[in-house]
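**Q** Before we start, here is the structure in question, set down as structure tokens.
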Amino acid sequence: MPEGHTVHRLARTFDTLFAGQGLRVSSPQGRFADGAGVLDGRRLVASEAWGKQLFLGFAPADAPADAAAGLPADVSDAQVRGVSSASDTLWLRTHLGLYGAWTFAGAPDAPEVAHAIGAPRRRIGERDSVPTSAPPSSDVWEVPEPRGQVRVRLLGVHAVADLTGPTACEVITTDEKRVVEARLGPDPIRDDGDADAFVAAVGRSRVTIGQQLMDQAVVAGVGNIYRAEVLFRAGVDPLRPGRDVPAATVRAIWDDLVVLMRDGADHGAIVTTRPADRGAGTVAEGGAEPVPAPGRGQTRQNTDGSPDAVPSDQAFYVYHRDGLPCRVCGSPVLVKELAGRNLFWCGVCQT
DNA sequence: TTGGAATGGACAA
DNA sequence: TGTCCCTTCCAAT
């Protein structure tokens with residue numbers, strides 16, 4: 001379940017596992033058989049994320065191999081290095097939507113991917129799980145069977161990646177990729193993220209700031225969690241029209257997104273609470289933290305498993321905390337359905 | 001065994 | 001605004 005940070009993490013993972021390799025591409029489920037046939041045998045020469053979109057660049061199978069590990073930062077670099085020209089590169093564009101996921105498994109000698117590979121098999125963009133591959137003693141890696149509805153399988157030298165449940169999965173040209181990117185707003189995780197463009201877009205519309213943050217043409221990569229959390233941290237009422245939010249505040253929201261989302265990409269989990277506001281989870285005094293409502297499971301996150309990770313029930317100020325006391329002021333966190341999505345906020349702290 | 005819910009988005013009206 | 005699609009997991013029957 002990806003917001004932009006997950007997709008950037010995925011891009012890094014593909015780089016680590018498959019950079020420069022010729023890949024076997026298939027569609028176990030069958031729904032991407034044509035596209036898989038086009039890409040099969042091509043070599044992965046780029047791995048990019050923009051917002052929630054993942055672009056994997058494939059050079060023709062007969063293009064000269066690139067000895068150096070790591071992928072060029074973009075196609076123009078690839079051209080300079082003679083790896084692949086923009087015109088003969090094909091891109092696999094995928095978007096995970098609400099419940100798509102990439103699952104990785106690797107041979108014992110595969111590179112570690114932020115604890116996301118090897119036994120146990122782990123799924124990035126969703127849940128962990130499931131046994132894996134070969135006994136460590138075996139010197140031939142036994143590739144695991146696809147599990148579930150696998151739209152695309154990429155098989156490299158020592159690792160395999162399976163895609164399930166994407167909302168988008170298609171092969172496009174470099175020109176078509178540019179068209180997709182032109183529709184996207186700036187991405188706070190990318191170095192080319194344009195803060196001015198974000199501030200300007202928000203300021204010229206009376207659409208609420210809460211809705212604008214979910215609009216990928218305004219800012220790419222923000223989802224329901226970052227939307228709720230960044231507005232809480234800024235003390236801004238999500239229902240305020242964008243043009244009524246001071247430009248300096250909008251700028252501060254961007255700056256906060258840069259920090260939060262890059263941290264999310266590095267660690268695999270969204271954590272927005274400041275340490276002082278965590279504790280048992282609520283205002284300093286006044287009794288025990290209420291137990292979260294039953295049936296409201298923990299928000300699943302694909303962390304890097306580090307032992308000092310913030311527990312998921314302490315990671316957020318307002319997301320999925322409706323009815324619970326605000327961590328700062330103690331008043332109940334509010335929830336309201338807006339444009340088909342749940343919006344969470346504190347009616348006291350956010351004005 | 002069934003049915004919501006989930007961190008999305010495209011498209012129609 | 002509403003409807004539909006994609007897939008999995010877990011709580012409720």
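Starting from 1 in every chain, residues are counted up; chains themselves are A, B, ... following the order of the structure tokens, and ligands are numbered from 1 as listed.
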Counting only C-alpha atoms (C1' of nucleotides), which residues from chain C have an atom at most 7 Å from any atom of chain A, and could you show them as a PyMOL selection string?
**A** chain C and resi 6-7+11
**Q** Any chance you could export the current selection's all heavy atoms as a PDB file, in the first residue's frame?
**A**
ATOM      1  P    DC C   6     -10.799  -6.218 -12.791  1.00  0.00           P
ATOM      2  OP1  DC C   6     -10.423  -6.840 -14.056  1.00  0.00           O
ATOM      3  OP2  DC C   6     -11.862  -6.780 -11.941  1.00  0.00           O
ATOM      4  O5'  DC C   6      -9.498  -6.101 -11.872  1.00  0.00           O
ATOM      5  C5'  DC C   6      -8.323  -5.516 -12.389  1.00  0.00           C
ATOM      6  C4'  DC C   6      -7.360  -5.265 -11.250  1.00  0.00           C
ATOM      7  O4'  DC C   6      -7.846  -4.153 -10.492  1.00  0.00           O
ATOM      8  C3'  DC C   6      -7.290  -6.422 -10.253  1.00  0.00           C
ATOM      9  O3'  DC C   6      -6.086  -7.142 -10.463  1.00  0.00           O
ATOM     10  C2'  DC C   6      -7.211  -5.756  -8.887  1.00  0.00           C
ATOM     11  C1'  DC C   6      -7.402  -4.290  -9.163  1.00  0.00           C
ATOM     12  N1   DC C   6      -8.391  -3.618  -8.284  1.00  0.00           N
ATOM     13  C2   DC C   6      -8.116  -2.348  -7.826  1.00  0.00           C
ATOM     14  O2   DC C   6      -7.061  -1.811  -8.165  1.00  0.00           O
ATOM     15  N3   DC C   6      -8.994  -1.745  -6.996  1.00  0.00           N
ATOM     16  C4   DC C   6     -10.121  -2.374  -6.647  1.00  0.00           C
ATOM     17  N4   DC C   6     -10.950  -1.737  -5.836  1.00  0.00           N
ATOM     18  C5   DC C   6     -10.427  -3.671  -7.118  1.00  0.00           C
ATOM     19  C6   DC C   6      -9.538  -4.264  -7.929  1.00  0.00           C
ATOM     20  P    DT C   7      -6.201  -8.746 -10.243  1.00  0.00           P
ATOM     21  OP1  DT C   7      -5.032  -9.306 -10.903  1.00  0.00           O
ATOM     22  OP2  DT C   7      -7.549  -9.240 -10.564  1.00  0.00           O
ATOM     23  O5'  DT C   7      -6.010  -8.860  -8.671  1.00  0.00           O
ATOM     24  C5'  DT C   7      -4.748  -8.576  -8.111  1.00  0.00           C
ATOM     25  C4'  DT C   7      -4.827  -8.655  -6.611  1.00  0.00           C
ATOM     26  O4'  DT C   7      -5.856  -7.796  -6.115  1.00  0.00           O
ATOM     27  C3'  DT C   7      -5.146 -10.040  -6.045  1.00  0.00           C
ATOM     28  O3'  DT C   7      -3.932 -10.532  -5.499  1.00  0.00           O
ATOM     29  C2'  DT C   7      -6.222  -9.809  -4.985  1.00  0.00           C
ATOM     30  C1'  DT C   7      -6.243  -8.280  -4.845  1.00  0.00           C
ATOM     31  N1   DT C   7      -7.543  -7.671  -4.515  1.00  0.00           N
ATOM     32  C2   DT C   7      -7.641  -6.885  -3.396  1.00  0.00           C
ATOM     33  O2   DT C   7      -6.698  -6.692  -2.646  1.00  0.00           O
ATOM     34  N3   DT C   7      -8.856  -6.323  -3.169  1.00  0.00           N
ATOM     35  C4   DT C   7      -9.987  -6.478  -3.949  1.00  0.00           C
ATOM     36  O4   DT C   7     -11.035  -5.920  -3.652  1.00  0.00           O
ATOM     37  C5   DT C   7      -9.825  -7.317  -5.116  1.00  0.00           C
ATOM     38  C7   DT C   7     -10.993  -7.551  -6.026  1.00  0.00           C
ATOM     39  C6   DT C   7      -8.626  -7.872  -5.346  1.00  0.00           C
ATOM     40  P    DA C  11      -8.472 -10.150  12.879  1.00  0.00           P
ATOM     41  OP1  DA C  11      -7.499  -9.403  13.676  1.00  0.00           O
ATOM     42  OP2  DA C  11      -8.511 -11.620  12.941  1.00  0.00           O
ATOM     43  O5'  DA C  11      -9.928  -9.599  13.188  1.00  0.00           O
ATOM     44  C5'  DA C  11     -10.307  -8.327  12.657  1.00  0.00           C
ATOM     45  C4'  DA C  11     -11.806  -8.317  12.421  1.00  0.00           C
ATOM     46  O4'  DA C  11     -12.102  -9.053  11.206  1.00  0.00           O
ATOM     47  C3'  DA C  11     -12.610  -8.959  13.537  1.00  0.00           C
ATOM     48  O3'  DA C  11     -13.772  -8.174  13.752  1.00  0.00           O
ATOM     49  C2'  DA C  11     -12.938 -10.345  12.990  1.00  0.00           C
ATOM     50  C1'  DA C  11     -13.020 -10.089  11.486  1.00  0.00           C
ATOM     51  N9   DA C  11     -12.620 -11.243  10.679  1.00  0.00           N
ATOM     52  C8   DA C  11     -11.547 -12.073  10.863  1.00  0.00           C
ATOM     53  N7   DA C  11     -11.432 -13.011   9.953  1.00  0.00           N
ATOM     54  C5   DA C  11     -12.514 -12.786   9.110  1.00  0.00           C
ATOM     55  C6   DA C  11     -12.961 -13.443   7.950  1.00  0.00           C
ATOM     56  N6   DA C  11     -12.343 -14.502   7.420  1.00  0.00           N
ATOM     57  N1   DA C  11     -14.079 -12.969   7.364  1.00  0.00           N
ATOM     58  C2   DA C  11     -14.686 -11.909   7.881  1.00  0.00           C
ATOM     59  N3   DA C  11     -14.363 -11.203   8.976  1.00  0.00           N
ATOM     60  C4   DA C  11     -13.255 -11.703   9.542  1.00  0.00           C
TER      61       DA C  11
END
**Q** Please identify all residues of chain B having at least one atom at most 12 Å from any atom of chain A, considering only C-alpha atoms (C1' of nucleotides), and return them as a PyMOL selection string.
**A** chain B and resi 4-10
**Q** Could the residues in this selection be saved with C-alpha atoms (C1' of nucleotides) as an mmCIF file, in the first residue's frame?
**A**
data_model
loop_
_atom_site.group_PDB
_atom_site.id
_atom_site.type_symbol
_atom_site.label_atom_id
_atom_site.label_comp_id
_atom_site.auth_asym_id
_atom_site.auth_seq_id
_atom_site.Cartn_x
_atom_site.Cartn_y
_atom_site.Cartn_z
ATOM 1 C "C1'" DG B 4 -15.523 -5.114 4.572
ATOM 2 C "C1'" DA B 5 -11.598 -2.320 4.342
ATOM 3 C "C1'" DA B 6 -7.265 -0.762 2.491
ATOM 4 C "C1'" DT B 7 -1.896 4.312 2.283
ATOM 5 C "C1'" DG B 8 -5.571 4.854 -5.606
ATOM 6 C "C1'" DG B 9 -7.248 6.497 -9.585
ATOM 7 C "C1'" DA B 10 -9.826 6.518 -14.148
#
**Q** Where in stretch 170-272 of chain A does DSSP assign strand (DSSP E or B), given as an MDAnalysis selection string?
**A** chainID A and resid 170:173 208 241
**Q** Have a look at atom CA of A:Leu155 and atom CA of A:Ala49 and let me know their distance in Å, one decimal.
**A**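 Pair atom CA of A:Leu155 / atom CA of A:Ala49 returns 20.4 Å.
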**Q** In Å, with one decimal, what is the gap from atom CA of A:Thr273 to atom CA of A:Asp255?
**A**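 Spanning atom CA of A:Thr273 to atom CA of A:Asp255 is a straight-line distance of 16.0 Å.
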**Q** Could you pull the residues within 12 Å of B:DT1, counting only C-alpha atoms (C1' of nucleotides), minus those fewer than 2 positions along the same chain, as a ChimeraX atom specification?
**A** /B:3 /C:12-13
**Q** At what distance in Å, to one decimal, does atom CA of A:Val160 lie from atom CA of A:Thr103?
**A**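 Atom CA of A:Val160 lies 8.1 Å from atom CA of A:Thr103.
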